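Asks: First, the structure itself, so that you have it in front of you.
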Amino acid sequence: MAAGVGGTTGAGRGDTVFRILLTGLAAAIPLVFLALVAQLAWSSWPSIKAFGFRFLTSGTWDPVAGEFGAGPMIFGTLYSSLIALLLAVPLAIGVAIFLTEFAPLWLRRPVGTLVELLAAIPSVVYGLWGIFVLIPLLRTYAIPPLQAALGWTPLFSGTFYGSSMLAAGIILAVMILPYISSVSREVLAAVPPSQREAALALGATRWEAVWSAVLPYARPGLVGAVVLGLGRALGETMAVVMVIGNRHDLSVSLIEPGYTMAAVIANEFNEAAGLQRAALFEIGLVLFAVTLAVNALARFLVWRVARDSAAGSKAL
Amino acid sequence: MSFSRFLPAAALAVTVGALACGGQGEMVLLNGAGATFPNIIYQKWITDYNTANPGVQLNYQSIGSGGGIQQYTDGTVDFGASDAPMTEEEMAKVEGNVLHVPMVLGAVVPTYNLPEVTEPIRFAPEALAGIYLGEITRWNDVRLRSTNPGLNLPDREIVVVRRSDGSGTTYIWTEFLSAVSPDWQSKVGTGKSVNWPVGIGGRGNEGVSATVQQTPGALGYVELGYAMINNMAVGAVRNAHGNFVTPDLSTVSEAAAGAAAAMGPDTDFRISLINAPGERTYPVASFTWLLVRRDYGQDAAKAEALVEFIWWALTQGQASAEALGYAPLPQAIMPMIEARLKEVAAGGAAVWSGASTD
């Protein structure tokens with residue numbers, strides 16, 4: 001207080017009001033969060049009571065008989081997001097490294113903007129592109145050779161109808177690419193030049209400098225970028241509904257149809273009543289929990305990575 | 001006064017039935033919600049009716065049949081709309097205070113993608129059930145060849161396509177499959193969404209049609225109007241008389257005419273048109289209904305305006321149906337609908353005396 005010499009009582013009151021206002025605003029977020037969880041739990045109660053833990057493992061989804069289980073959808077949500085990450089992360093981080101380390105200056109801005117523009121495309125447009133461009137391409141050029149070579153593995157068993165886990169994974173990969181890539185670009189750009197210069201001065205090639213000096217320094221931020229992309233992939237709805245085939249089956253095959261939690265809510269909520277409605281609310285609750293768990297895991301990862309790299313730099 | 005008209009519609013609906021409106025007499029606001037299938041024609045009717053009767057303001061929101069029944073039950077709308085009749089359980093929730101008024105007819109048609117075949121394929125009902133049960137898997141199965149002697153059906157896998165979203169279209173399709181196949185009835189049943197034994201799901205008519213058009217060998221089902229507007233290949237289905245009937249607006253109207261003969265004069269119209277009698281009837285058809293209260297209590301002005309609008313839609317309004325891909329109701333059932341509308345009351349007193357003014 002002594003530092004604020006010129007402070008009149010009027011300004012002091014202003015500060016108090018400001019603090020109360022901000023505290024109130026900050027408190028509103030957790031309150032909304034709690035209200036959301038409470039509402040989801042309340043609305044899904046009939047389903048929780050009827051099915052208990054079985055809801056998470058059962059694969060039956062029969063609105064006529066009133067029997068509901070989310071197993072295939074939980075699996076499908078995680079599986080499609082995993083495919084998306086496997087495809088998008090190398091590409092996105094590669095783009096980010098190219099743009100920050102190797103691309104000529106005049107090229108950085110336009111390419112970066114183009115990648116970010118991918119995020120501005122509405123997801124229903126991605127879905128249409130999936131149905132009318134991606135799936136025919138897969139059917140004609142990608143799946144026949146893949147099945148000929150890898151048809152014996154469980155990943156490519158079954159018949160390809162077009163709508164499939166693979167189509168959903170690819171669409172999701174394109175959709176999360178701009179998020180991962182633009183955050184990664186910021187992170188890499190924030191790596192101090194001294195890191196690169198030190199490595200180069202020791203005789204490293206540019207590639208070695210990036211690999212051994214820049215990337216380790218940026219690792220926590222890069223993990224954060226991936227987590228952001230994963231969060232998007234887990235919750236993405238419309239584009240997935242349009243290309244995943246919406247079948248309540250649990251299969252590791254990439255070419256068979258599947259289902260996700262967000263997709264079943266979007267599909268069935270409008271016309272659902274009674275127990276089916278409660279089951280859809282419970283799916284929402286489970287999706288919420290899964291997203292939360294994935295985020296917590298990611299935070300933990302970032303923390304671990306940050307701690308390790310701090311220890312590493314100390315060791316240097 | 002006149003500024004009242006600019007209040008949000010929702011607030012008006014709850015609090016005010018009729019507003020004073022500068023010199024034009026009573027202004028009546030009617031809110032409805034429900035089925036998506038008839039949305040296009042309902043909006044057309046509302047626009048046309050409002051032009052001729054500026055004192056009646058109608059709002060219709062196509063939120064789905066389930067939502068329509070829900071909002072009707074909660075009393076948040078003046079009328080509901082549904083592609084499937086209310087169940088006994090749902091009727092009990094509103095203590096029977098509901099009339100089902102048929103407005104137009106819909107039909108669900110099989111559509112397919114077989115580049116080799118140019119003539120319409122003829123489907124026996126058992127064959128459709130077999131395909132959707134996963135028992136018939138190839139186009140050259142004997143159960144398809146036997147009804148299509150002239151066609152060269154290819155040795156191709158049948159890719160079954162169905163709706164992934166809950167919909168009245170699925171309700172009508174599964175009601176038909178249940179009616180013709182005891183196996184389907186016991187294993188799957190009838191519903192707006194069901195536990196499909198096989199197939200891939202597309203969202204909406206457009207999702208099913210896109211998947212069918214992109215997948216050689218695919219078979220799906222869509223609304224007749226959607227198939228007509230998009231010039232899709234549709235199959236003929238065998239009706240109760242044993243005739244294969246290609247779906248079009250006249251064979252669908254025929255289904256209602258066939259069913260009308262079997263309806264008593266005091267029918268409540270919660271009647272299935274599946275396999276309706278008649279030589280030329282298309283067997284996978286259905287009414288789509290407005291849900292109207294039997295008694296509107298204090299809201300006499302509202303009840304009267306609603307009944308007059310409905311009667312206008314059933315008479316003059318039917319002329320718009322065909323151009324929009326809906327099958328009009330047959331004349332035979334109009335007297336029965338008129339009798340039901342005369343039962344609509346407010347506080348026990350009937351609000352409409354019948355069609356004398358037109």
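Ordering of the structure tokens sets the chain letters (A, B, ...), residue numbers begin anew at 1 in every chain, and ligands are numbered from 1 in the order given.
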Quick check: residues of chain B within 9 Å of chain A, only C-alpha atoms, returned as JSON, numbers by chain.

Replies: {"B": [63, 64, 65, 66, 67, 70, 159, 164, 165, 166, 167, 168, 188, 189, 190, 191, 192, 193, 194, 195, 196, 198, 199, 200, 201, 202, 203, 207, 210, 211, 214, 215]}

Asks: Applying 9 Å and only C-alpha atoms, which residues near segment 251-268 of chain B remain after dropping the ones on its own chain fewer than 5 positions away? List them as number ranges by chain.

Replies: B: 99-101, 104-107, 245-246, 273-287, 327-333, 335-337, 339-340

Asks: Atoms to include: N, CA and C atoms. Write the selected residues as a compact mmCIF listing (two decimals), in the first residue's frame.

Replies:
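Output saved as out_13.txt:
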# COMPACT_ATOMS: atom_id res chain seq x y z
N LEU B 99 -56.14 -34.15 -30.43
CA LEU B 99 -56.70 -34.70 -31.66
C LEU B 99 -55.57 -34.81 -32.67
N HIS B 100 -55.54 -35.93 -33.39
CA HIS B 100 -54.58 -36.09 -34.48
C HIS B 100 -55.26 -35.68 -35.77
N VAL B 101 -54.79 -34.60 -36.38
CA VAL B 101 -55.40 -34.14 -37.63
C VAL B 101 -54.43 -34.40 -38.78
N VAL B 104 -51.08 -33.98 -44.67
CA VAL B 104 -50.70 -34.47 -46.00
C VAL B 104 -50.19 -35.89 -45.80
N LEU B 105 -49.74 -36.48 -46.91
CA LEU B 105 -49.26 -37.85 -46.84
C LEU B 105 -47.78 -37.90 -47.20
N GLY B 106 -47.08 -38.79 -46.54
CA GLY B 106 -45.70 -39.04 -46.89
C GLY B 106 -45.52 -40.50 -47.24
N ALA B 107 -44.43 -40.79 -47.93
CA ALA B 107 -44.13 -42.19 -48.24
C ALA B 107 -42.62 -42.37 -48.19
N VAL B 245 -46.06 -51.73 -57.07
CA VAL B 245 -46.49 -50.35 -57.29
C VAL B 245 -45.28 -49.42 -57.18
N THR B 246 -45.09 -48.62 -58.22
CA THR B 246 -44.05 -47.60 -58.16
C THR B 246 -44.56 -46.44 -57.33
N LEU B 273 -50.99 -46.49 -42.42
CA LEU B 273 -51.31 -46.69 -43.84
C LEU B 273 -50.43 -47.77 -44.46
N ILE B 274 -49.66 -48.46 -43.61
CA ILE B 274 -48.81 -49.53 -44.11
C ILE B 274 -49.68 -50.64 -44.68
N ASN B 275 -49.37 -51.08 -45.89
CA ASN B 275 -50.12 -52.13 -46.56
C ASN B 275 -51.61 -51.83 -46.62
N ALA B 276 -51.97 -50.56 -46.85
CA ALA B 276 -53.38 -50.20 -46.93
C ALA B 276 -54.01 -50.91 -48.13
N PRO B 277 -55.33 -51.24 -48.02
CA PRO B 277 -55.97 -51.95 -49.12
C PRO B 277 -56.08 -51.09 -50.37
N GLY B 278 -56.25 -51.76 -51.51
CA GLY B 278 -56.40 -51.05 -52.78
C GLY B 278 -55.44 -51.60 -53.82
N GLU B 279 -55.95 -51.72 -55.06
CA GLU B 279 -55.14 -52.29 -56.13
C GLU B 279 -53.87 -51.48 -56.39
N ARG B 280 -54.02 -50.17 -56.36
CA ARG B 280 -52.94 -49.29 -56.79
C ARG B 280 -52.26 -48.58 -55.62
N THR B 281 -52.42 -49.06 -54.40
CA THR B 281 -51.83 -48.32 -53.29
C THR B 281 -50.37 -48.69 -53.12
N TYR B 282 -49.58 -47.67 -52.83
CA TYR B 282 -48.19 -47.89 -52.46
C TYR B 282 -48.16 -48.23 -50.97
N PRO B 283 -47.47 -49.32 -50.60
CA PRO B 283 -47.66 -49.86 -49.24
C PRO B 283 -46.86 -49.20 -48.12
N VAL B 284 -45.92 -48.32 -48.43
CA VAL B 284 -45.10 -47.73 -47.34
C VAL B 284 -45.43 -46.25 -47.22
N ALA B 285 -46.63 -45.94 -46.75
CA ALA B 285 -47.08 -44.55 -46.68
C ALA B 285 -47.54 -44.23 -45.27
N SER B 286 -47.71 -42.93 -45.01
CA SER B 286 -48.16 -42.53 -43.69
C SER B 286 -48.78 -41.14 -43.75
N PHE B 287 -49.72 -40.89 -42.84
CA PHE B 287 -50.16 -39.52 -42.60
C PHE B 287 -49.04 -38.78 -41.89
N ALA B 327 -48.00 -35.82 -51.04
CA ALA B 327 -49.23 -36.36 -51.61
C ALA B 327 -50.42 -35.76 -50.88
N PRO B 328 -51.39 -35.19 -51.64
CA PRO B 328 -52.56 -34.59 -50.98
C PRO B 328 -53.47 -35.66 -50.38
N LEU B 329 -54.27 -35.25 -49.41
CA LEU B 329 -55.22 -36.18 -48.79
C LEU B 329 -56.35 -36.46 -49.78
N PRO B 330 -56.90 -37.68 -49.78
CA PRO B 330 -58.03 -37.96 -50.67
C PRO B 330 -59.31 -37.32 -50.13
N GLN B 331 -60.23 -36.99 -51.07
CA GLN B 331 -61.49 -36.33 -50.68
C GLN B 331 -62.27 -37.17 -49.67
N ALA B 332 -62.14 -38.50 -49.78
CA ALA B 332 -62.98 -39.39 -48.97
C ALA B 332 -62.85 -39.14 -47.48
N ILE B 333 -61.69 -38.66 -47.03
CA ILE B 333 -61.55 -38.55 -45.57
C ILE B 333 -61.87 -37.15 -45.06
N PRO B 335 -64.74 -35.39 -44.85
CA PRO B 335 -65.86 -35.27 -43.89
C PRO B 335 -65.48 -35.75 -42.49
N MET B 336 -64.64 -36.78 -42.42
CA MET B 336 -64.25 -37.28 -41.09
C MET B 336 -63.38 -36.26 -40.37
N ILE B 337 -62.46 -35.61 -41.13
CA ILE B 337 -61.60 -34.61 -40.49
C ILE B 337 -62.46 -33.42 -40.04
N ALA B 339 -65.48 -33.48 -39.09
CA ALA B 339 -66.19 -33.86 -37.87
C ALA B 339 -65.29 -33.73 -36.65
N ARG B 340 -63.98 -34.11 -36.80
CA ARG B 340 -63.06 -34.00 -35.67
C ARG B 340 -62.82 -32.54 -35.31

Asks: Going by DSSP on the backbone, which residues of segment 71-125 of chain B come out as alpha helix (DSSP H)? List them as a PyMOL selection string.

Replies: chain B and resi 71-74+88-93+125

Asks: Could those selected residues go to a file with C-alpha atoms, as a PDB file, in the first residue's frame?

Replies:
ATOM      1  CA  GLN B  71     -43.523 -29.373 -26.312  1.00  0.00           C
ATOM      2  CA  TYR B  72     -47.181 -30.138 -26.907  1.00  0.00           C
ATOM      3  CA  THR B  73     -47.244 -32.158 -23.686  1.00  0.00           C
ATOM      4  CA  ASP B  74     -45.449 -29.414 -21.768  1.00  0.00           C
ATOM      5  CA  GLU B  88     -51.027 -44.597 -25.439  1.00  0.00           C
ATOM      6  CA  GLU B  89     -48.496 -43.596 -22.808  1.00  0.00           C
ATOM      7  CA  GLU B  90     -47.989 -40.179 -24.390  1.00  0.00           C
ATOM      8  CA  MET B  91     -51.767 -39.756 -24.740  1.00  0.00           C
ATOM      9  CA  ALA B  92     -52.160 -40.488 -21.039  1.00  0.00           C
ATOM     10  CA  LYS B  93     -49.707 -37.716 -20.157  1.00  0.00           C
ATOM     11  CA  PRO B 125     -41.632 -56.939 -48.934  1.00  0.00           C
TER      12      PRO B 125
END

Asks: Within 10 Å of Arg232 of chain A, counting only C-alpha atoms, which residues show up once you throw out same-chain ones fewer than 5 positions away? Write them as a ChimeraX atom specification, please.

Replies: /A:81,172,175-176,179,226-227,237,291

Asks: Atom CA of Tyr221 of chain B and atom CA of Pro115 of chain B, how far apart in Å?

Replies: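 Computing the Euclidean distance for atom CA of Pro115 of chain B and atom CA of Tyr221 of chain B yields 17.6 Å.
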